[in-house]
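Q: What follows is a structure written as structure tokens; I'll ask about it next.
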There are 2 protein chains.
Amino acid sequence: LTLVENGTPAGQSALAELFPRTGQAHVVGFTGSTGAGKSTLVNKVAREIRDRGDELAVIAVDPTSPFSGGALLGDRLRMRELVNDPGVFIRSMASRGHPGGVAHATRDLVTVLDGLGFPVILVETVGAGQAQVEVAQVAHTVVLVEAPGMGDDIQALKAGLLEIADVIVVNKADRPEAQQTLRALQAARLGGLAVEDADRDAGEASWETPILKASALEGWGIDALVDAVAAHRDYLRASPRWDALRTRHARAEVEAWLMRHLRTWVDTQLDPARIDAAVATVAARDCDPASAARDLLEVLVHHIKTSAEQEGA
Amino acid sequence: LTLVENGTPAGQSALAELFPRTGQAHVVGFTGSTGAGKSTLVNKVAREIRDRGDELAVIAVDPTSPFSGGALLGDRLRMRELVNDPGVFIRSMASRGHPGGVAHATRDLVTVLDGLGFPVILVETVGAGQAQVEVAQVAHTVVLVEAPGMGDDIQALKAGLLEIADVIVVNKADRPEAQQTLRALQAARLGGLAVEDADRDAGEASWETPILKASALEGWGIDALVDAVAAHRDYLRASPRWDALRTRHARAEVEAWLMRHLRTWVDTQLDPARIDAAVATVAARDCDPASAARDLLEVLVHHIKTSAEQEGA
């Protein structure tokens with residue numbers, strides 16, 4: 001997994017070897033704001049799935065230093081009760097420093113764990129922003145974890161996340177403000193559903209995103225959450241959406257790899273001194289960065305054409 | 001600005017035209033976790049800078065829906081007291097859906113505002129993760145905003161952010177837990193400084209990242225924060241770091257544009273049917289995504305070579 005996460009050649013051949021065996025796992029992404037208690041909830045959900053008899057893997061995208069590269073132990077510690085269960089595989093990964101981005105690296109780890117035969121893979125994203133939405137590129141079922149009364153920054157974020165959520169859960173629902181958060185989510189969901197409807201084939205069964213309450217700390221609501229996640233999996237597998245998701249995920253993977261290969265290819269084709277010179281003209285404000293980059297691309301294409309002509313001559 | 005943010009050709013020629021006039025502004029990035037009160041703090045900092053006589057621009061990266069594309073008004077509302085001041089320009093931008101990513105789009109807006117002559121540009125990032133670290137690719141001075149007692153998710157994130165922070169401020173310092181957060185940050189900073197030392201030229205004056213306290217809500221500590229930001233600017237301009245930063249930003253810009261041009265170029269050169277076919281073989285598990293993408297790249301290069309040979313013939 002480390003070889004894969006670091007994008008080494010050995011990791012890449014392992015990926016290619018495992019790939020034909022993939023496509024069986026149900027990948028469940030957990031997204032939501034920092035402070036909503038995602039880690040604790042994922043921990044309890046993992047326990048519940050395990051108690052129902054399934055083996056599973058958990059990928060926790062940990063915050064980490066871009067310099068040290070070392071993931072912190074917080075999430076692992078919180079998962080302590082699961083760590084000694086041989087039917088549970090837990091992997092923390094760094095949230096930064098991956099060639100091709102976090103979503104790309106996460107997808108590679110999912111490929112490995114899927115190929116190794118884990119029927120359920122839980123992916124916990126970290127924090128807010130792009131990474132939260134990108135989980136939809138790897139997960140079949142997206143669980144949005146909210147918590148009561150987390151301020152309007154969080155309220156605002158919901159707009160984007162609501163639309164990718166297949167199951168919504170208000171964690172920390174033992175708090176008095178939970179009812180208000182629940183109502184706000186129900187109101188917001190009404191708008192989101194209209195968007196999803198347009199995306200659905202005529203005659204296809206519809207999925208109404210459930211909004212659940214739970215308290216990971218007090219240990220209630222987990223059962224219903226795991227039921228909802230399983231119901232969404234069954235819904236997907238019985239509808240054309242499962243294949244559509246598979247194609248969407250494949251497209252995201254191919255595009256990410258294409259850009260990554262292109263980057264490597266550019267690095268081997270373009271003289272670093274030429275890039276440095278372009279950067280220097282930009283730093284001196286003699287050329288704008290878009291034009292400087294366009295010139296580099298032209299150099300690249302010219303270089304390929306010239307070598308082709310020489311081969312031809 | 002909308003033309004630039006959406007990456008239109010008109011926006012790109014505006015960027016090219018403004019670019020020679022850029023490089024004068026002091027760009028200050030505000031990063032930190034959701035809930036630390038960044039927006040309120042940026043609001044007060046803008047007010048203070050304005051009161052000292054400088055005109056300024058504020059770019060707030062707003063959470064938004066990836067579907068609707070519309071930015072929410074939260075941050076704008078919070079900035080209401082500044083909106084009617086003609087010496088302050090406020091721009092909210094969507095945190096998702098930019099060709100080339102948020103950092104790239106932010107940089108383009110900074111280019112425009114810098115080119116238009118704003119001496120100070122404040123950039124407020126949203127949430128956690130990659131975007132928070134990427135602000136260092138556009139800002140000269142990075143202000144890390146923390147708040148007391150925000151749970152261990154946040155504690156963990158600090159490891160990466162501390163190292164890019166030039167000024168650290170504990171907002172909401174009216175709360176009793178502030179002292180504890182301050183001590184934790186001071187302890188964590190000791191590790192971070194060792195990293196920064198290695199990056200510094202021998203004989204160069206050092207910058208010790210100050211850790212300040214403020215309460216944006218109660219309106220104190222803002223003065224000292226603005227002083228620290230100005231001191232960091234003066235330090236940079238008197239050291240080789242200003243030029244080094246300029247080169248680093250230029251490199252990030254050229255690389256981002258190069259990848260963006262490459263992407264457009266690939267789209268024009270590669271037959272969409274060929275991409276669809278590659279995606280289908282991956283979805284069917286007949287080929288792994290890395291190999292499928294490599295094949296596409298080979299098709300692309302072959303295509304260029306063939307067209308060169310035909311031109312030659």
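By order of appearance in the structure tokens: chains A, B, ..., then residues from 1 within every chain, and ligands from 1 in the order shown.
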Write out as a PyMOL selection string each polymer residue whose atoms come within 12 Å of B:Asn171, counting only C-alpha atoms; drop sequence neighbours fewer than 5 positions from it.
A: chain B and resi 32-33+35-42+44+143-150+177-179+181-182+211-222+225
Q: At a cut-off of 8 Å, using only C-alpha atoms, what residues contact B:Ala278? Leave out same-chain residues fewer than 5 positions from it and give the result as a ChimeraX atom specification.
A: /A:254 /B:292-293,296
Q: Between atom CA of B:Asp286 and atom CA of A:Asp234, what is the distance, to one decimal in Å?
A: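 Taking atom CA of B:Asp286 as the start and atom CA of A:Asp234 as the end point, the length is 25.0 Å.
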Q: Which one of A:Glu298, A:Asp114, A:Asp267, A:Glu253 sits closest to chain B if you count only C-alpha atoms?
A: A:Glu253
Q: Could you tell me which of B:Val282, B:Val266, B:Val61, B:Ala273 comes closest to chain A if we count only C-alpha atoms?
A: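 Closest residue, counting only C-alpha atoms: B:Val282.
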Q: So, with only C-alpha atoms as the atoms that count, which of A:Ala252, A:Val112, A:Val4, A:Ala187 lies closest to chain B?
A: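 The closest residue to chain B is A:Ala252.
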Q: Can you tell me which residues surround B:Val142 at a distance of at most 9 Å, considering only C-alpha atoms, apart from same-chain residues fewer than 6 positions away, and format the answer as a VMD selection string?
A: chain B and resid 27 to 31 135 to 136 164 to 168 229
Q: Write out as a list in words each polymer residue whose atoms come within 10 Å of stretch 255-261 of chain A, counting only C-alpha atoms; drop sequence neighbours fewer than 6 positions from it.
A: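 Skipping anything fewer than 6 positions along the chain leaves Pro99, Gly100, Gly101, Ala103, His104, His249 and Asp267 of chain A; Met259, Arg260, Leu262, Arg263, Val266, Ile275, Val279, Pro289, Ala290, Ser291, Ala292, Ala293, Arg294, Asp295, Leu296 and Leu297 of chain B.
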